[in-house]
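One file, my_file.cif, carrying mmCIF, C-alpha atoms and all ligand atoms:
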data_coords
#
loop_
_atom_site.group_PDB
_atom_site.id
_atom_site.type_symbol
_atom_site.label_atom_id
_atom_site.label_comp_id
_atom_site.auth_asym_id
_atom_site.auth_seq_id
_atom_site.Cartn_x
_atom_site.Cartn_y
_atom_site.Cartn_z
ATOM 1 C CA MET O 1 114.082 -106.843 115.180
ATOM 2 C CA MET O 2 117.784 -105.952 115.379
ATOM 3 C CA VAL O 3 119.656 -105.092 112.181
ATOM 4 C CA PRO O 4 121.174 -108.263 110.634
ATOM 5 C CA VAL O 5 124.898 -108.595 111.320
ATOM 6 C CA ARG O 6 125.707 -109.589 107.753
ATOM 7 C CA CYS O 7 124.254 -109.192 104.299
ATOM 8 C CA PHE O 8 122.103 -112.239 103.485
ATOM 9 C CA THR O 9 123.437 -112.416 99.943
ATOM 10 C CA CYS O 10 127.162 -111.720 100.037
ATOM 11 C CA GLY O 11 128.085 -112.099 103.711
ATOM 12 C CA ASN O 12 129.569 -108.645 104.116
ATOM 13 C CA VAL O 13 129.265 -107.204 107.643
ATOM 14 C CA VAL O 14 126.630 -104.453 107.469
ATOM 15 C CA GLY O 15 125.347 -104.269 111.079
ATOM 16 C CA GLU O 16 128.039 -101.855 112.165
ATOM 17 C CA HIS O 17 126.740 -99.165 109.786
ATOM 18 C CA TRP O 18 123.122 -99.205 110.921
ATOM 19 C CA GLU O 19 123.302 -96.764 113.817
ATOM 20 C CA GLU O 20 125.118 -94.115 111.824
ATOM 21 C CA PHE O 21 122.747 -94.611 108.888
ATOM 22 C CA LYS O 22 119.751 -94.318 111.192
ATOM 23 C CA ALA O 23 121.058 -91.155 112.823
ATOM 24 C CA ARG O 24 121.920 -89.475 109.531
ATOM 25 C CA ALA O 25 119.276 -90.651 107.076
ATOM 26 C CA ARG O 26 116.277 -91.753 109.148
ATOM 27 C CA GLU O 27 116.353 -89.311 112.053
ATOM 28 C CA GLY O 28 118.477 -86.799 110.214
ATOM 29 C CA ASP O 29 117.651 -85.402 106.804
ATOM 30 C CA GLU O 30 120.576 -86.627 104.715
ATOM 31 C CA ASP O 31 120.019 -88.471 101.475
ATOM 32 C CA PRO O 32 120.117 -92.236 102.222
ATOM 33 C CA GLU O 33 121.954 -92.901 98.943
ATOM 34 C CA ALA O 34 124.726 -90.458 99.830
ATOM 35 C CA VAL O 35 125.002 -91.832 103.374
ATOM 36 C CA LEU O 36 125.391 -95.414 102.113
ATOM 37 C CA ASP O 37 128.040 -94.306 99.624
ATOM 38 C CA ASP O 38 129.818 -92.486 102.429
ATOM 39 C CA LEU O 39 129.685 -95.544 104.713
ATOM 40 C CA GLY O 40 131.215 -97.697 101.979
ATOM 41 C CA VAL O 41 128.198 -99.973 101.598
ATOM 42 C CA GLU O 42 128.622 -100.451 97.868
ATOM 43 C CA ARG O 43 126.713 -103.459 96.590
ATOM 44 C CA HIS O 44 122.961 -103.234 96.220
ATOM 45 C CA CYS O 45 122.515 -106.510 98.150
ATOM 46 C CA CYS O 46 124.138 -104.885 101.208
ATOM 47 C CA ARG O 47 122.364 -101.572 100.712
ATOM 48 C CA ARG O 48 118.914 -103.167 100.802
ATOM 49 C CA MET O 49 119.795 -104.782 104.168
ATOM 50 C CA ILE O 50 120.084 -101.322 105.684
ATOM 51 C CA VAL O 51 117.490 -99.444 103.658
ATOM 52 C CA SER O 52 114.752 -101.986 104.417
ATOM 53 C CA HIS O 53 115.505 -102.386 108.111
ATOM 54 C CA LYS O 54 113.226 -101.322 110.962
ATOM 55 C CA ASP O 55 114.156 -101.546 114.653
ATOM 56 C CA LEU O 56 111.443 -103.443 116.524
ATOM 57 C CA VAL O 57 112.957 -103.898 119.994
ATOM 58 C CA ASP O 58 111.101 -100.864 121.357
ATOM 59 C CA ILE O 59 107.832 -102.176 119.923
ATOM 60 C CA VAL O 60 108.025 -105.708 121.323
ATOM 61 C CA SER O 61 109.709 -105.005 124.667
ATOM 62 C CA PRO O 62 106.477 -104.047 126.546
ATOM 63 C CA TYR O 63 105.090 -107.510 125.782
ATOM 64 C CA GLN O 64 107.975 -109.480 127.309
ATOM 65 C CA MET C 1 153.976 -125.613 90.407
ATOM 66 C CA ALA C 2 157.443 -124.952 89.096
ATOM 67 C CA GLU C 3 156.785 -121.994 86.794
ATOM 68 C CA GLU C 4 156.586 -118.476 88.206
ATOM 69 C CA TYR C 5 153.553 -116.355 87.954
ATOM 70 C CA ASP C 6 153.263 -112.682 88.113
ATOM 71 C CA VAL C 7 151.077 -110.759 90.573
ATOM 72 C CA GLU C 8 150.391 -107.058 90.249
ATOM 73 C CA PHE C 9 148.134 -105.051 92.558
ATOM 74 C CA ILE C 10 145.704 -102.614 90.984
ATOM 75 C CA GLU C 11 143.994 -101.533 94.203
ATOM 76 C CA ARG C 12 145.267 -102.586 97.581
ATOM 77 C CA GLY C 13 143.639 -102.251 100.974
ATOM 78 C CA ASP C 14 143.485 -104.310 104.138
ATOM 79 C CA ARG C 15 140.022 -105.657 103.533
ATOM 80 C CA SER C 16 139.555 -105.189 99.830
ATOM 81 C CA ALA C 17 141.915 -105.431 96.918
ATOM 82 C CA ARG C 18 142.081 -105.991 93.202
ATOM 83 C CA PHE C 19 145.077 -107.669 91.643
ATOM 84 C CA LEU C 20 146.193 -109.145 88.373
ATOM 85 C CA VAL C 21 147.703 -112.627 88.104
ATOM 86 C CA ARG C 22 149.425 -113.634 84.882
ATOM 87 C CA GLY C 23 150.504 -117.057 83.771
ATOM 88 C CA VAL C 24 147.821 -119.167 85.420
ATOM 89 C CA THR C 25 145.220 -121.399 83.822
ATOM 90 C CA PRO C 26 141.495 -120.731 84.306
ATOM 91 C CA ALA C 27 141.322 -123.906 86.407
ATOM 92 C CA PHE C 28 144.028 -122.685 88.748
ATOM 93 C CA ALA C 29 142.442 -119.243 89.036
ATOM 94 C CA ASN C 30 139.168 -120.874 90.007
ATOM 95 C CA GLY C 31 141.013 -123.123 92.445
ATOM 96 C CA ILE C 32 142.362 -120.059 94.256
ATOM 97 C CA ARG C 33 138.908 -118.494 94.338
ATOM 98 C CA ARG C 34 137.330 -121.596 95.773
ATOM 99 C CA ALA C 35 140.098 -122.024 98.341
ATOM 100 C CA MET C 36 139.596 -118.420 99.490
ATOM 101 C CA ILE C 37 135.899 -119.047 100.017
ATOM 102 C CA ALA C 38 135.783 -122.553 101.414
ATOM 103 C CA ASP C 39 139.206 -123.685 102.602
ATOM 104 C CA VAL C 40 140.793 -120.874 104.584
ATOM 105 C CA PRO C 41 139.681 -121.433 108.183
ATOM 106 C CA THR C 42 138.613 -118.581 110.476
ATOM 107 C CA LEU C 43 137.435 -118.423 114.070
ATOM 108 C CA SER C 44 133.736 -117.975 114.766
ATOM 109 C CA VAL C 45 131.503 -118.401 117.780
ATOM 110 C CA ASP C 46 130.021 -121.868 117.582
ATOM 111 C CA SER C 47 128.429 -122.546 120.961
ATOM 112 C CA VAL C 48 127.262 -120.362 123.845
ATOM 113 C CA ARG C 49 126.547 -120.940 127.524
ATOM 114 C CA VAL C 50 123.848 -118.490 128.496
ATOM 115 C CA ILE C 51 124.004 -117.334 132.108
ATOM 116 C CA GLU C 52 121.334 -114.682 131.846
ATOM 117 C CA ASN C 53 119.352 -113.470 128.872
ATOM 118 C CA SER C 54 116.355 -111.327 129.737
ATOM 119 C CA SER C 55 116.471 -109.469 126.403
ATOM 120 C CA VAL C 56 113.670 -109.530 123.829
ATOM 121 C CA MET C 57 115.530 -112.108 121.736
ATOM 122 C CA PHE C 58 115.763 -115.842 122.234
ATOM 123 C CA ASP C 59 119.093 -117.415 123.242
ATOM 124 C CA GLU C 60 119.370 -119.014 119.796
ATOM 125 C CA GLN C 61 118.970 -115.693 118.027
ATOM 126 C CA ILE C 62 121.680 -114.105 120.159
ATOM 127 C CA ALA C 63 123.935 -117.108 119.527
ATOM 128 C CA HIS C 64 123.381 -116.763 115.791
ATOM 129 C CA ARG C 65 124.224 -113.074 115.848
ATOM 130 C CA LEU C 66 127.413 -113.767 117.796
ATOM 131 C CA GLY C 67 128.346 -116.435 115.259
ATOM 132 C CA MET C 68 128.177 -113.905 112.435
ATOM 133 C CA VAL C 69 130.631 -111.516 114.129
ATOM 134 C CA PRO C 70 134.031 -111.861 112.421
ATOM 135 C CA LEU C 71 136.910 -112.629 114.797
ATOM 136 C CA THR C 72 140.545 -111.892 113.984
ATOM 137 C CA THR C 73 142.374 -115.106 113.168
ATOM 138 C CA PRO C 74 146.177 -114.826 113.208
ATOM 139 C CA GLU C 75 148.108 -117.235 111.034
ATOM 140 C CA GLY C 76 149.641 -120.325 112.546
ATOM 141 C CA GLU C 77 148.312 -119.768 116.068
ATOM 142 C CA PHE C 78 145.402 -122.159 115.838
ATOM 143 C CA GLU C 79 144.563 -125.541 114.448
ATOM 144 C CA GLU C 80 141.229 -126.731 113.226
ATOM 145 C CA GLY C 81 139.154 -127.643 116.275
ATOM 146 C CA ASP C 82 140.876 -125.223 118.691
ATOM 147 C CA VAL C 83 138.582 -123.307 121.035
ATOM 148 C CA VAL C 84 138.751 -119.703 122.252
ATOM 149 C CA THR C 85 136.377 -118.534 124.966
ATOM 150 C CA LEU C 86 134.791 -115.093 124.865
ATOM 151 C CA SER C 87 132.428 -113.594 127.392
ATOM 152 C CA ILE C 88 129.965 -110.726 127.413
ATOM 153 C CA ASP C 89 128.119 -109.076 130.270
ATOM 154 C CA VAL C 90 125.937 -106.055 129.520
ATOM 155 C CA LYS C 91 123.153 -104.590 131.637
ATOM 156 C CA GLY C 92 120.325 -102.468 130.260
ATOM 157 C CA PRO C 93 119.430 -99.837 129.454
ATOM 158 C CA SER C 94 122.120 -99.946 126.783
ATOM 159 C CA THR C 95 123.052 -101.836 123.642
ATOM 160 C CA ALA C 96 125.384 -104.822 123.713
ATOM 161 C CA TYR C 97 127.968 -104.446 120.947
ATOM 162 C CA SER C 98 130.433 -106.911 119.488
ATOM 163 C CA GLY C 99 133.100 -104.723 121.128
ATOM 164 C CA ASP C 100 131.730 -105.735 124.559
ATOM 165 C CA LEU C 101 132.971 -109.269 123.968
ATOM 166 C CA VAL C 102 135.921 -110.010 126.233
ATOM 167 C CA SER C 103 138.271 -112.537 124.692
ATOM 168 C CA GLY C 104 140.236 -115.135 126.599
ATOM 169 C CA ASP C 105 143.032 -114.812 124.047
ATOM 170 C CA SER C 106 144.449 -111.369 123.297
ATOM 171 C CA VAL C 107 145.125 -112.120 119.619
ATOM 172 C CA VAL C 108 141.488 -113.048 118.999
ATOM 173 C CA GLU C 109 139.022 -110.192 119.097
ATOM 174 C CA PRO C 110 136.015 -108.981 117.127
ATOM 175 C CA ALA C 111 137.166 -107.468 113.824
ATOM 176 C CA ASP C 112 134.522 -104.759 114.193
ATOM 177 C CA ASP C 113 133.659 -103.308 117.586
ATOM 178 C CA ASN C 114 130.388 -101.589 116.811
ATOM 179 C CA ILE C 115 128.100 -104.335 115.543
ATOM 180 C CA PRO C 116 124.923 -104.165 117.636
ATOM 181 C CA ILE C 117 124.119 -107.560 119.183
ATOM 182 C CA ILE C 118 120.998 -106.694 121.138
ATOM 183 C CA ASP C 119 119.330 -103.566 122.440
ATOM 184 C CA LEU C 120 118.699 -103.971 126.189
ATOM 185 C CA LYS C 121 115.959 -102.076 128.032
ATOM 186 C CA ASP C 122 115.639 -101.346 131.796
ATOM 187 C CA ASP C 123 116.263 -104.422 133.957
ATOM 188 C CA GLN C 124 117.319 -106.529 130.986
ATOM 189 C CA ARG C 125 120.676 -108.206 131.002
ATOM 190 C CA LEU C 126 122.803 -110.346 128.741
ATOM 191 C CA GLU C 127 125.516 -112.468 130.268
ATOM 192 C CA LEU C 128 127.033 -115.418 128.470
ATOM 193 C CA GLU C 129 130.150 -117.278 127.555
ATOM 194 C CA ALA C 130 130.802 -118.109 123.926
ATOM 195 C CA GLU C 131 133.178 -120.613 122.448
ATOM 196 C CA ALA C 132 134.790 -119.753 119.129
ATOM 197 C CA VAL C 133 136.207 -122.591 117.047
ATOM 198 C CA LEU C 134 138.440 -122.647 113.994
ATOM 199 C CA ASP C 135 136.745 -124.156 110.971
ATOM 200 C CA SER C 136 136.461 -123.569 107.235
ATOM 201 C CA GLY C 137 133.757 -122.102 105.040
ATOM 202 C CA LYS C 138 132.985 -125.597 103.852
ATOM 203 C CA SER C 139 131.252 -126.408 107.136
ATOM 204 C CA HIS C 140 129.518 -123.068 107.764
ATOM 205 C CA ALA C 141 129.440 -119.720 105.969
ATOM 206 C CA LYS C 142 130.333 -117.903 109.206
ATOM 207 C CA HIS C 143 133.847 -119.370 108.895
ATOM 208 C CA GLN C 144 134.223 -117.895 105.425
ATOM 209 C CA GLY C 145 136.953 -115.249 105.454
ATOM 210 C CA GLY C 146 136.499 -114.127 101.853
ATOM 211 C CA VAL C 147 133.453 -112.071 100.898
ATOM 212 C CA ALA C 148 132.392 -111.558 97.283
ATOM 213 C CA VAL C 149 135.552 -113.143 95.886
ATOM 214 C CA GLY C 150 135.654 -113.248 92.108
ATOM 215 C CA TYR C 151 137.839 -112.939 89.072
ATOM 216 C CA ARG C 152 137.562 -112.125 85.414
ATOM 217 C CA HIS C 153 139.871 -112.120 82.448
ATOM 218 C CA LEU C 154 142.109 -109.159 81.866
ATOM 219 C CA GLN C 155 140.853 -107.667 78.605
ATOM 220 C CA TYR C 156 142.273 -105.595 75.814
ATOM 221 C CA VAL C 157 140.613 -103.412 73.247
ATOM 222 C CA ASP C 158 141.301 -103.541 69.520
ATOM 223 C CA VAL C 159 140.348 -100.522 67.471
ATOM 224 C CA VAL C 160 138.989 -102.060 64.271
ATOM 225 C CA GLY C 161 137.793 -98.931 62.510
ATOM 226 C CA ASP C 162 135.891 -95.688 62.730
ATOM 227 C CA ALA C 163 132.336 -95.428 63.962
ATOM 228 C CA ALA C 164 129.765 -94.412 61.391
ATOM 229 C CA GLU C 165 129.815 -90.652 60.865
ATOM 230 C CA PHE C 166 126.800 -88.447 61.750
ATOM 231 C CA GLU C 167 125.469 -91.172 64.004
ATOM 232 C CA GLU C 168 125.013 -90.934 67.756
ATOM 233 C CA GLN C 169 127.292 -93.595 69.267
ATOM 234 C CA GLU C 170 125.592 -96.188 71.452
ATOM 235 C CA PRO C 171 127.222 -96.711 74.869
ATOM 236 C CA ASN C 172 129.584 -99.688 74.884
ATOM 237 C CA ILE C 173 129.618 -100.899 78.488
ATOM 238 C CA LEU C 174 132.524 -102.937 79.811
ATOM 239 C CA ARG C 175 133.475 -103.824 83.379
ATOM 240 C CA GLY C 176 136.750 -105.026 84.787
ATOM 241 C CA VAL C 177 140.261 -103.981 83.896
ATOM 242 C CA ILE C 178 141.714 -103.435 80.436
ATOM 243 C CA GLU C 179 145.296 -103.589 79.320
ATOM 244 C CA GLU C 180 145.906 -100.636 77.026
ATOM 245 C CA ARG C 181 146.983 -101.720 73.548
ATOM 246 C CA ALA C 182 145.527 -98.901 71.474
ATOM 247 C CA ALA C 183 146.883 -95.859 73.280
ATOM 248 C CA GLU C 184 147.043 -93.781 70.093
ATOM 249 C CA HIS C 185 143.233 -93.865 69.857
ATOM 250 C CA ALA C 186 142.520 -93.356 73.557
ATOM 251 C CA GLU C 187 141.454 -90.164 75.307
ATOM 252 C CA GLY C 188 143.879 -88.526 77.714
ATOM 253 C CA ASN C 189 147.505 -89.511 78.098
ATOM 254 C CA ALA C 190 147.357 -93.268 77.688
ATOM 255 C CA VAL C 191 150.425 -95.457 77.361
ATOM 256 C CA ASN C 192 150.413 -98.949 75.908
ATOM 257 C CA GLY C 193 150.634 -101.511 78.687
ATOM 258 C CA ASP C 194 148.678 -99.413 81.214
ATOM 259 C CA LEU C 195 146.216 -101.319 83.386
ATOM 260 C CA VAL C 196 143.039 -99.284 83.354
ATOM 261 C CA PRO C 197 140.043 -100.110 85.582
ATOM 262 C CA THR C 198 136.928 -99.473 83.498
ATOM 263 C CA GLU C 199 135.559 -97.178 86.238
ATOM 264 C CA GLU C 200 138.106 -94.635 85.028
ATOM 265 C CA PHE C 201 136.047 -94.063 81.899
ATOM 266 C CA ASP C 202 132.685 -94.669 83.521
ATOM 267 C CA ASN C 203 132.590 -98.267 82.186
ATOM 268 C CA ASP C 204 131.835 -96.929 78.717
ATOM 269 C CA LEU C 205 134.322 -97.620 75.945
ATOM 270 C CA THR C 206 132.946 -94.801 73.819
ATOM 271 C CA ASN C 207 134.320 -92.392 76.443
ATOM 272 C CA ARG C 208 137.802 -93.786 76.055
ATOM 273 C CA TYR C 209 137.836 -94.400 72.307
ATOM 274 C CA PRO C 210 135.435 -91.763 70.948
ATOM 275 C CA GLY C 211 134.388 -92.222 67.350
ATOM 276 C CA LYS C 212 136.005 -95.631 67.047
ATOM 277 C CA GLU C 213 134.689 -99.077 66.345
ATOM 278 C CA VAL C 214 136.223 -101.392 68.954
ATOM 279 C CA GLU C 215 136.463 -105.062 69.712
ATOM 280 C CA VAL C 216 137.111 -106.447 73.200
ATOM 281 C CA ASN C 217 139.267 -109.542 73.684
ATOM 282 C CA ASP C 218 140.497 -111.554 76.653
ATOM 283 C CA VAL C 219 144.183 -111.635 77.494
ATOM 284 C CA SER C 220 144.761 -115.347 77.851
ATOM 285 C CA ASN C 221 145.913 -116.704 81.208
ATOM 286 C CA ALA C 222 145.669 -113.302 82.887
ATOM 287 C CA PHE C 223 143.028 -112.846 85.573
ATOM 288 C CA VAL C 224 141.926 -109.889 87.611
ATOM 289 C CA PHE C 225 140.808 -110.920 91.084
ATOM 290 C CA ASP C 226 138.457 -108.908 93.258
ATOM 291 C CA VAL C 227 138.871 -109.965 96.853
ATOM 292 C CA GLU C 228 137.208 -108.680 100.008
ATOM 293 C CA THR C 229 137.452 -110.098 103.487
ATOM 294 C CA ASP C 230 135.130 -109.894 106.483
ATOM 295 C CA GLY C 231 137.976 -108.520 108.621
ATOM 296 C CA SER C 232 139.045 -111.774 110.255
ATOM 297 C CA LEU C 233 142.194 -111.617 108.115
ATOM 298 C CA THR C 234 143.718 -109.238 105.582
ATOM 299 C CA VAL C 235 143.399 -109.785 101.844
ATOM 300 C CA GLU C 236 147.076 -110.633 101.649
ATOM 301 C CA GLU C 237 146.769 -113.301 104.355
ATOM 302 C CA LEU C 238 143.624 -114.705 102.774
ATOM 303 C CA VAL C 239 145.219 -115.104 99.352
ATOM 304 C CA SER C 240 148.469 -116.567 100.619
ATOM 305 C CA ARG C 241 146.671 -119.018 102.915
ATOM 306 C CA ALA C 242 144.386 -120.030 100.052
ATOM 307 C CA VAL C 243 147.346 -120.711 97.787
ATOM 308 C CA GLY C 244 149.044 -122.511 100.668
ATOM 309 C CA SER C 245 146.068 -124.799 101.174
ATOM 310 C CA LEU C 246 146.033 -125.612 97.443
ATOM 311 C CA GLU C 247 149.724 -126.412 97.590
ATOM 312 C CA ASP C 248 149.300 -128.614 100.657
ATOM 313 C CA ARG C 249 146.625 -130.645 98.940
ATOM 314 C CA ALA C 250 148.618 -130.950 95.731
ATOM 315 C CA THR C 251 151.599 -132.201 97.732
ATOM 316 C CA GLU C 252 149.384 -134.641 99.601
ATOM 317 C CA LEU C 253 148.033 -135.966 96.316
ATOM 318 C CA ARG C 254 151.499 -136.313 94.812
ATOM 319 C CA GLU C 255 152.709 -138.264 97.811
ATOM 320 C CA ALA C 256 149.623 -140.433 97.818
ATOM 321 C CA VAL C 257 150.020 -141.517 94.184
ATOM 322 C CA GLN C 258 153.801 -141.976 94.311
ATOM 323 C CA LEU C 259 155.118 -145.494 93.912
HETATM 324 ZN ZN ZN N 1 125.779 -107.826 100.212
#
Output the file's structure as structure tokens, nothing else.
Amino acid sequence: MMVPVRCFTCGNVVGEHWEEFKARAREGDEDPEAVLDDLGVERHCCRRMIVSHKDLVDIVSPYQ
Amino acid sequence: MAEEYDVEFIERGDRSARFLVRGVTPAFANGIRRAMIADVPTLSVDSVRVIENSSVMFDEQIAHRLGMVPLTTPEGEFEEGDVVTLSIDVKGPSTAYSGDLVSGDSVVEPADDNIPIIDLKDDQRLELEAEAVLDSGKSHAKHQGGVAVGYRHLQYVDVVGDAAEFEEQEPNILRGVIEERAAEHAEGNAVNGDLVPTEEFDNDLTNRYPGKEVEVNDVSNAFVFDVETDGSLTVEELVSRAVGSLEDRATELREAVQL
């Protein structure tokens, strides 16, 4: 629903990078790989947290 | 421990560093690693009093997310079991961030200000009080200050001969840090005794020693540590507190077994 605060595997804080990643690579047209490198999300365990995330708050909020 | 050991930084940052320790046994190196992960206490939100939560997430989910937010933990200010109260009050439409947490103690604050906690829509509101406690990684991973802490032997490369002529050399992948002992065979201006992270030659020994047959060996009792923290303390604080906790326990043991 919301991006996880930390990486499930290593415990690194990844939540803080989501909004910039979303703006640049999902809504923008930058290469996700380059954006993650730029954000300093190095390990592939942390990268998958961001790459595989989908915001669902907008989808579930009408059904509150 | 009476004998001195030698520490040399290879990369040094606030939250991530790589350093070489010489003159320690593998057991002691692993003791430091384990102390960094499980024994250095940090503050984390442990219980919340929810005043209003009309967001799309349950109270428990919000509480869990707050628990994962790293909080700065200055040395010596707190004891295990101490409590710091933080509060948050955000009205939609907007997103509640970790930076919206207001701390009751000015030295304790979220290490990162822009972690989204919950996205609030029109007429939704999040108001709560959270209690952060000091505890160690042993009791819950959220209290773990060290992230991805590890070590490996310092290594050195012996050039044992020439690679077979007219043959394409296979890549020879090595990760970590090497201590240069065959500078005369290395590419570039290498000096014996240099500490070279393998990233410098793309982790491939054939880039550094082209056309040579090499053998990789461990330098005994020399370990390269890779340490990252979640921001609740700096690498330097984490390492020194970890060593301190080892020392405290060793002293306790010595006193306990003394006649
Ligand atoms: Zn990770």
At a cut-off of 12 Å from (128.4, -108.4, 94.5) in the coordinates of the file, what residues are picked up using only C-alpha atoms, written as an MDAnalysis selection string?
(chainID O and resid 7:12 41:47) or (chainID C and resid 147:151 226:228)
Extract, using all atoms listed in the file, all DNA, RNA and protein residues at most 10 Å from Leu56 in chain O, discarding same-chain residues fewer than 4 positions from it, and format them as a list in words.
Met1, Met2, Val3, Val60 and Ser61 of chain O; Val56 and Asp119 of chain C
Can you write just those residues out, C-alpha atoms, as a PDB file, in the coordinates of the input?
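Below is the file part.pdb, written as the result:
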ATOM      1  CA  MET O   1     114.082-106.843 115.180  1.00  0.00           C
ATOM      2  CA  MET O   2     117.784-105.952 115.379  1.00  0.00           C
ATOM      3  CA  VAL O   3     119.656-105.092 112.181  1.00  0.00           C
ATOM      4  CA  VAL O  60     108.025-105.708 121.323  1.00  0.00           C
ATOM      5  CA  SER O  61     109.709-105.005 124.667  1.00  0.00           C
TER       6      SER O  61
ATOM      7  CA  VAL C  56     113.670-109.530 123.829  1.00  0.00           C
ATOM      8  CA  ASP C 119     119.330-103.566 122.440  1.00  0.00           C
TER       9      ASP C 119
END
Just so the selection is clear, what residues does the PyMOL selection byres (((chain C and resi 127) around 6) and not hetatm) cover here, as a ChimeraX atom specification?
/C:51-52,88-89,126,128
Mind pulling up the distance from atom ZN of ligand ZN 1 (chain N) to CA of Leu120 in chain C?
27.2 Å
Which polymer residues have any atom within 8 Å of an atom of Val90 in chain C, counting only C-alpha atoms, with same-chain residues fewer than 3 positions away left out, as a VMD selection string?
chain C and resid 94 to 96 100 125 to 127
Any chance you could work out the residue set of the PyMOL selection byres (((chain O and resi 22) around 12) and not hetatm) here, as a PyMOL selection string?
chain O and resi 3+15-21+23-32+35-36+39+50-55
Save out the residues we just selected, C-alpha atoms, as a PDB file, in the coordinates of the input.
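Wrote part_38.pdb, looks like this:
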ATOM      1  CA  VAL O   3     119.656-105.092 112.181  1.00  0.00           C
ATOM      2  CA  GLY O  15     125.347-104.269 111.079  1.00  0.00           C
ATOM      3  CA  GLU O  16     128.039-101.855 112.165  1.00  0.00           C
ATOM      4  CA  HIS O  17     126.740 -99.165 109.786  1.00  0.00           C
ATOM      5  CA  TRP O  18     123.122 -99.205 110.921  1.00  0.00           C
ATOM      6  CA  GLU O  19     123.302 -96.764 113.817  1.00  0.00           C
ATOM      7  CA  GLU O  20     125.118 -94.115 111.824  1.00  0.00           C
ATOM      8  CA  PHE O  21     122.747 -94.611 108.888  1.00  0.00           C
ATOM      9  CA  ALA O  23     121.058 -91.155 112.823  1.00  0.00           C
ATOM     10  CA  ARG O  24     121.920 -89.475 109.531  1.00  0.00           C
ATOM     11  CA  ALA O  25     119.276 -90.651 107.076  1.00  0.00           C
ATOM     12  CA  ARG O  26     116.277 -91.753 109.148  1.00  0.00           C
ATOM     13  CA  GLU O  27     116.353 -89.311 112.053  1.00  0.00           C
ATOM     14  CA  GLY O  28     118.477 -86.799 110.214  1.00  0.00           C
ATOM     15  CA  ASP O  29     117.651 -85.402 106.804  1.00  0.00           C
ATOM     16  CA  GLU O  30     120.576 -86.627 104.715  1.00  0.00           C
ATOM     17  CA  ASP O  31     120.019 -88.471 101.475  1.00  0.00           C
ATOM     18  CA  PRO O  32     120.117 -92.236 102.222  1.00  0.00           C
ATOM     19  CA  VAL O  35     125.002 -91.832 103.374  1.00  0.00           C
ATOM     20  CA  LEU O  36     125.391 -95.414 102.113  1.00  0.00           C
ATOM     21  CA  LEU O  39     129.685 -95.544 104.713  1.00  0.00           C
ATOM     22  CA  ILE O  50     120.084-101.322 105.684  1.00  0.00           C
ATOM     23  CA  VAL O  51     117.490 -99.444 103.658  1.00  0.00           C
ATOM     24  CA  SER O  52     114.752-101.986 104.417  1.00  0.00           C
ATOM     25  CA  HIS O  53     115.505-102.386 108.111  1.00  0.00           C
ATOM     26  CA  LYS O  54     113.226-101.322 110.962  1.00  0.00           C
ATOM     27  CA  ASP O  55     114.156-101.546 114.653  1.00  0.00           C
TER      28      ASP O  55
END
Near Val216 in chain C, within 9 Å and counting all atoms listed in the file, which residues show up once chain neighbours fewer than 5 positions away are dropped, as a short mmCIF file (atom, residue, chain, number, x, y, z; two decimals) with C-alpha atoms, in the frame of the given file?
data_model
loop_
_atom_site.label_atom_id
_atom_site.label_comp_id
_atom_site.auth_asym_id
_atom_site.auth_seq_id
_atom_site.Cartn_x
_atom_site.Cartn_y
_atom_site.Cartn_z
CA GLN C 155 140.85 -107.67 78.60
CA TYR C 156 142.27 -105.60 75.81
CA VAL C 157 140.61 -103.41 73.25
CA ASP C 158 141.30 -103.54 69.52
CA VAL C 159 140.35 -100.52 67.47
CA LEU C 174 132.52 -102.94 79.81
#
Quick one: pull the distance between CA of Asp6 in chain C and CA of Glu236 in chain C, Å, one decimal.
15.0 Å
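As for CA of Thr229 in chain C and CA of Arg15 in chain C, they are spaced 5.1 Å apart.
Each of C:Arg181, C:Gly81, C:Asp230, C:Ala35 was checked against ligand ZN 1 (chain N) using only C-alpha atoms and all ligand atoms; the smallest atom-to-atom distance is that of C:Asp230.
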With all atoms listed in the file as the counted atoms, please give the residues lying no more than 9 Å from Glu165 in chain C, apart from itself and same-chain residues fewer than 3 positions off, as number ranges by chain.
C: 162, 168, 211
Hits from the PyMOL selection byres ((chain C) within 9 of (chain O)), listed as a PyMOL selection string:
chain C and resi 54-57+65-66+68-70+112-121+141-142+144+146-148+228-231
Restricted to C-alpha atoms, what would the selected residues look like written as a compact mmCIF listing (two decimals), in the frame of the given file?
# COMPACT_ATOMS: atom_id res chain seq x y z
CA SER C 54 116.36 -111.33 129.74
CA SER C 55 116.47 -109.47 126.40
CA VAL C 56 113.67 -109.53 123.83
CA MET C 57 115.53 -112.11 121.74
CA ARG C 65 124.22 -113.07 115.85
CA LEU C 66 127.41 -113.77 117.80
CA MET C 68 128.18 -113.90 112.44
CA VAL C 69 130.63 -111.52 114.13
CA PRO C 70 134.03 -111.86 112.42
CA ASP C 112 134.52 -104.76 114.19
CA ASP C 113 133.66 -103.31 117.59
CA ASN C 114 130.39 -101.59 116.81
CA ILE C 115 128.10 -104.34 115.54
CA PRO C 116 124.92 -104.16 117.64
CA ILE C 117 124.12 -107.56 119.18
CA ILE C 118 121.00 -106.69 121.14
CA ASP C 119 119.33 -103.57 122.44
CA LEU C 120 118.70 -103.97 126.19
CA LYS C 121 115.96 -102.08 128.03
CA ALA C 141 129.44 -119.72 105.97
CA LYS C 142 130.33 -117.90 109.21
CA GLN C 144 134.22 -117.90 105.42
CA GLY C 146 136.50 -114.13 101.85
CA VAL C 147 133.45 -112.07 100.90
CA ALA C 148 132.39 -111.56 97.28
CA GLU C 228 137.21 -108.68 100.01
CA THR C 229 137.45 -110.10 103.49
CA ASP C 230 135.13 -109.89 106.48
CA GLY C 231 137.98 -108.52 108.62
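The nearest approach to Ile32 in chain C among the residues C:Val214, C:Leu20, C:Leu101, C:Val243, with only C-alpha atoms taken into account, belongs to C:Val243.
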